[in-house]
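One structure is given below, encoded as structure tokens.
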Amino acid sequence: MSDTVKIISIIDECHDTKTFEFQWDEKASAGQFIMVWMPGMEEIPMSLSKTGRIKSITVKKIGKDTQKLHDLRLGSPLRIRGPYGKGFDLKSGKNTLIIGGGVGTASIIPVVKETGADTIIGARSSDDVIMDEIAGKYVKNLWISTDDGSRGFHGNVVQLMREKFKENNYGMVIACGPEIMQYHLYNACVELKVDCQLSLERHMKCGAGICGSCVMDGMRVCKDGPVFTKEEISKLTDFGVSKRDECGRLVKLG
Ligand SMILES: Cc1cc2nc3c(=O)[nH]c(=O)nc-3n(C[C@H](O)[C@H](O)[C@H](O)COP(=O)(O)OP(=O)(O)OC[C@H]3O[C@@H](n4cnc5c(N)ncnc54)[C@H](O)[C@@H]3O)c2cc1C
Ligand code: FES
């Protein structure tokens with residue numbers, strides 16, 4: 001479904017990240033994403049950070065297109081299509097730990113709201129922590145980690161997750177964040193013998209399973225993902241190793 005929506009609210013999450021709310025009646029679930037476009041930019045994928053009738057995207061400014069989105073004002077029109085992809089499966093019934101790293105936190109907020117499960121939000125420093133206030137309204141246990149120790153646990157979310165596993169018996173980890181974080185998180189889940197669902201990113205053009213630009217080992221991240229199960233991830237040889245850029249060239253992940 002393709003539509004033009006109007007921005008009805010803008011929230012400054014931190015120095016480089018903003019949330020843009022709009023009304024859109026399309027049904028969407030936690031972990032799904034949309035393609036967004038306005039004149040002067042390429043169309044890019046954005047996770048839904050709110051999935052009800054009022055929906056939102058949470059945008060970290062990293063390049064020219066996300067800069068363009070940061071120029072949106074109240075009442076600005078935004079062209080969107082979707083929602084796309086397979087979201088998180090919240091029916092496992094297992095005791096769940098939710099983990100968001102950086103702007104990946106945007107994609108796990110709908111899971112936080114729906115489940116109220118224990119949550120870890122990680123960021124580089126206290127200035128980069130986002131959406132902790134909203135998460136705190138829905139969960140009993142919210143833990144923050146920062147790489148530089150300026151707030152909460154000193155270290156990354158995977159180190160904090162290992163600490164929390166000493167105290168709690170979790171059966172499922174749900175996460176979104178930078179691939180390097182998710183790579184270590186996946187390995188920790190294998191070691192701890194716990195199930196997981198991770199939301200992955202690859203370069204997207206159509207967003208709808210047609211163009212092939214997001215393919216990883218035969219799986220289309222836009223259609224078969226972006227959320228993948230532990231078993232699916234175990235078969236992805238590119239995961240944590242390399243990805244294709246906008247020209248389809250294989251690029252090693254740093
Ligand atoms: C399913 C999915 C959900 C996403 N959700 C969010 C979100 O909620 N919030 C957020 O801030 N960012 C999100 N992103 C990442 C976002 O799409 C990129 O940050 C954005 O496209 C960068 O564009 P740019 O022109 O500002 O930066 P550029 O300088 O053009 O690109 C910077 C980096 O962004 C990535 N990128 C660029 N274009 C695309 C594209 N078409 N598809 C995928 N990656 C691209 C590339 O890795 C590139 O190296 C998501 C990506 C995917 C695949
Ligand atoms: S973006 Fe076209 S197939 Fe996934």
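We label chains A, B, ... in the order they appear in the structure tokens, count residues from 1 in each chain, and number ligands from 1 in the order shown.
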6 Å from ligand 1 is the threshold here; counting only C-alpha atoms and all ligand atoms, which polymer residues fall inside it? Answer as a PyMOL selection string.
chain A and resi 33+44-47+57-60+62-67+103+106+201-205+226
Contacts of ligand 2, 6 Å or closer, only C-alpha atoms and all ligand atoms, given as an mmCIF file with C-alpha atoms, in the first residue's frame:
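Just written: result_1.cif:
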data_model
loop_
_atom_site.group_PDB
_atom_site.id
_atom_site.type_symbol
_atom_site.label_atom_id
_atom_site.label_comp_id
_atom_site.auth_asym_id
_atom_site.auth_seq_id
_atom_site.Cartn_x
_atom_site.Cartn_y
_atom_site.Cartn_z
ATOM 1 C CA MET A 204 16.950 -2.335 -0.093
ATOM 2 C CA LYS A 205 15.480 -0.983 -3.287
ATOM 3 C CA CYS A 206 12.018 -2.474 -3.848
ATOM 4 C CA GLY A 207 11.398 -3.595 -0.244
ATOM 5 C CA ALA A 208 8.924 -6.141 -1.591
ATOM 6 C CA GLY A 209 10.941 -9.196 -2.601
ATOM 7 C CA ILE A 210 11.313 -8.387 -6.315
ATOM 8 C CA CYS A 211 14.698 -6.761 -7.096
ATOM 9 C CA GLY A 212 17.091 -9.059 -5.216
ATOM 10 C CA SER A 213 19.289 -6.260 -3.836
ATOM 11 C CA CYS A 214 18.827 -7.419 -0.228
ATOM 12 C CA ARG A 220 15.423 -11.824 0.796
ATOM 13 C CA VAL A 221 15.880 -9.689 3.905
ATOM 14 C CA CYS A 222 12.907 -7.485 2.901
#
What lies within 6 Å of A:Ser125 using only C-alpha atoms, ignoring chain neighbours under 2 positions off, as a short mmCIF file (atom, residue, chain, number, x, y, z; two decimals) with N, CA, C and O atoms, in the first residue's frame?
data_model
loop_
_atom_site.label_atom_id
_atom_site.label_comp_id
_atom_site.auth_asym_id
_atom_site.auth_seq_id
_atom_site.Cartn_x
_atom_site.Cartn_y
_atom_site.Cartn_z
N ALA A 123 23.81 1.96 23.94
CA ALA A 123 24.25 3.06 23.08
C ALA A 123 25.73 3.32 23.35
O ALA A 123 26.29 2.78 24.31
N ASP A 127 24.64 10.31 25.80
CA ASP A 127 24.02 11.24 24.84
C ASP A 127 23.33 10.52 23.69
O ASP A 127 22.56 11.13 22.94
N ASP A 128 23.64 9.24 23.51
CA ASP A 128 23.08 8.51 22.36
C ASP A 128 21.94 7.56 22.75
O ASP A 128 21.36 6.90 21.88
N THR A 146 26.13 1.54 28.24
CA THR A 146 26.83 2.47 27.34
C THR A 146 28.28 1.99 27.20
O THR A 146 28.89 1.53 28.17
N ASP A 148 30.92 3.68 26.81
CA ASP A 148 31.91 4.46 27.56
C ASP A 148 31.59 4.55 29.06
O ASP A 148 32.29 5.24 29.81
N SER A 150 29.19 6.05 30.52
CA SER A 150 28.65 7.33 31.01
C SER A 150 27.23 7.18 31.56
O SER A 150 26.72 8.08 32.23
#
Selection near A:Ile144, 12 Å with only C-alpha atoms, sequence-local residues under 2 positions removed, as a ChimeraX atom specification
/A:98-102,105,118-126,128-133,135-136,141-142,146-161,164
Among stretch 37-180 of chain A, which ones does DSSP assign to strand (DSSP E or B) (computed from the backbone)? Answer as a PyMOL selection string.
chain A and resi 37+44-47+50-51+54-60+77-84+86+96-101+118-123+142-146+153-154+172-176
Nearest to A:Glu179 by atom-to-atom distance, counting only C-alpha atoms, from A:Lys235, A:Lys68, A:Lys243, A:Lys55
A:Lys243
Can you pull out every residue within 12 Å of A:Lys50, counting only C-alpha atoms, but drop anything in the same chain fewer than 4 positions away, and send it as an NGL selection string?
:A and (19-24 or 27-34 or 46 or 54-58 or 83 or 105-114 or 131 or 134)
List every residue of stretch 67-245 of chain A that DSSP, applied to the backbone, labels as helix (DSSP H, G or I), and write the result as a PyMOL selection string.
chain A and resi 67-70+102-115+126-128+132-138+157-167+179-192+230-234
May I have the residues within 7 Å of A:Ala117 as a list of chain:residue names, using only C-alpha atoms and disregarding those fewer than 6 positions away in the same chain?
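Near A:Ala117, the qualifying residues are A:Thr96, A:Leu97, A:Ile98, A:Val139.
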Next, the residues of the selection above should be written as a compact mmCIF listing (two decimals), in the first residue's frame with N, CA, C and O atoms.
# COMPACT_ATOMS: atom_id res chain seq x y z
N THR A 96 11.05 -13.65 27.80
CA THR A 96 11.80 -12.96 26.75
C THR A 96 12.64 -11.82 27.28
O THR A 96 12.22 -11.08 28.18
N LEU A 97 13.83 -11.68 26.69
CA LEU A 97 14.68 -10.50 26.94
C LEU A 97 14.76 -9.75 25.62
O LEU A 97 15.13 -10.32 24.58
N ILE A 98 14.40 -8.45 25.65
CA ILE A 98 14.41 -7.61 24.45
C ILE A 98 15.67 -6.74 24.48
O ILE A 98 16.01 -6.17 25.52
N VAL A 139 7.79 -1.51 30.91
CA VAL A 139 8.46 -2.69 31.45
C VAL A 139 8.86 -2.49 32.91
O VAL A 139 9.08 -1.35 33.34
A:Asn169 environment, 10 Å, only C-alpha atoms, sequence neighbours closer than 2 positions dropped, as an mmCIF file with N, CA and C atoms, in the first residue's frame:
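Once everything was written out, this is result.cif:
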data_model
loop_
_atom_site.group_PDB
_atom_site.id
_atom_site.type_symbol
_atom_site.label_atom_id
_atom_site.label_comp_id
_atom_site.auth_asym_id
_atom_site.auth_seq_id
_atom_site.Cartn_x
_atom_site.Cartn_y
_atom_site.Cartn_z
ATOM 1 N N LYS A 94 7.668 -17.869 25.623
ATOM 2 C CA LYS A 94 8.913 -18.000 26.395
ATOM 3 C C LYS A 94 9.239 -16.699 27.114
ATOM 4 N N ASN A 95 9.909 -16.827 28.259
ATOM 5 C CA ASN A 95 10.366 -15.656 29.005
ATOM 6 C C ASN A 95 11.379 -14.912 28.118
ATOM 7 N N THR A 96 11.053 -13.652 27.798
ATOM 8 C CA THR A 96 11.796 -12.958 26.747
ATOM 9 C C THR A 96 12.636 -11.817 27.279
ATOM 10 N N LEU A 97 13.828 -11.676 26.693
ATOM 11 C CA LEU A 97 14.676 -10.504 26.937
ATOM 12 C C LEU A 97 14.761 -9.747 25.616
ATOM 13 N N LYS A 164 22.763 -10.583 32.812
ATOM 14 C CA LYS A 164 21.346 -10.792 33.141
ATOM 15 C C LYS A 164 20.966 -12.270 33.069
ATOM 16 N N PHE A 165 21.654 -13.026 32.214
ATOM 17 C CA PHE A 165 21.393 -14.463 32.131
ATOM 18 C C PHE A 165 21.848 -15.193 33.399
ATOM 19 N N LYS A 166 22.753 -14.598 34.170
ATOM 20 C CA LYS A 166 23.188 -15.224 35.430
ATOM 21 C C LYS A 166 22.060 -15.157 36.461
ATOM 22 N N GLU A 167 21.195 -14.122 36.310
ATOM 23 C CA GLU A 167 20.145 -13.883 37.312
ATOM 24 C C GLU A 167 18.765 -14.362 36.860
ATOM 25 N N GLY A 171 14.109 -17.585 27.837
ATOM 26 C CA GLY A 171 14.018 -18.609 26.795
ATOM 27 C C GLY A 171 14.071 -18.026 25.397
ATOM 28 N N MET A 172 14.043 -16.697 25.306
ATOM 29 C CA MET A 172 14.015 -16.045 23.987
ATOM 30 C C MET A 172 14.674 -14.666 24.074
ATOM 31 N N VAL A 194 19.972 -20.447 23.953
ATOM 32 C CA VAL A 194 18.693 -19.738 24.039
ATOM 33 C C VAL A 194 18.251 -19.347 22.627
#
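The smallest atom-to-atom distance between A:Tyr170 and any of A:Ser76, A:Ser234, A:Ser145, A:Ser92, using only C-alpha atoms, is found for A:Ser92.
Nearest to A:Leu90 of all the residues A:Pro39, A:Pro77, A:Gly116, A:Gly104 is A:Gly116, counting only C-alpha atoms.
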Measure the distance from atom CA of A:Lys137 to atom CA of A:Thr51 in Å and round it to one decimal.
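Computing the Euclidean distance for atom CA of A:Lys137 and atom CA of A:Thr51 yields 16.9 Å.
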When distances are computed from only C-alpha atoms, which of A:His184, A:Arg73, A:Lys61, A:Arg162 shows the smallest separation from A:Ile10?
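Comparing A:His184, A:Arg73, A:Lys61, A:Arg162 against A:Ile10, the winner is A:Arg73.
Minimum atom-to-atom distances from A:Glu26, A:Thr17, A:Tyr84, A:Val5 to A:Met38 were compared using only C-alpha atoms, and the lowest value belongs to A:Val5.
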Enter the distance from atom CA of A:Trp143 to atom CA of A:Leu69, in Å, rounded to one decimal.
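Separation between atom CA of A:Trp143 and atom CA of A:Leu69: 29.8 Å.
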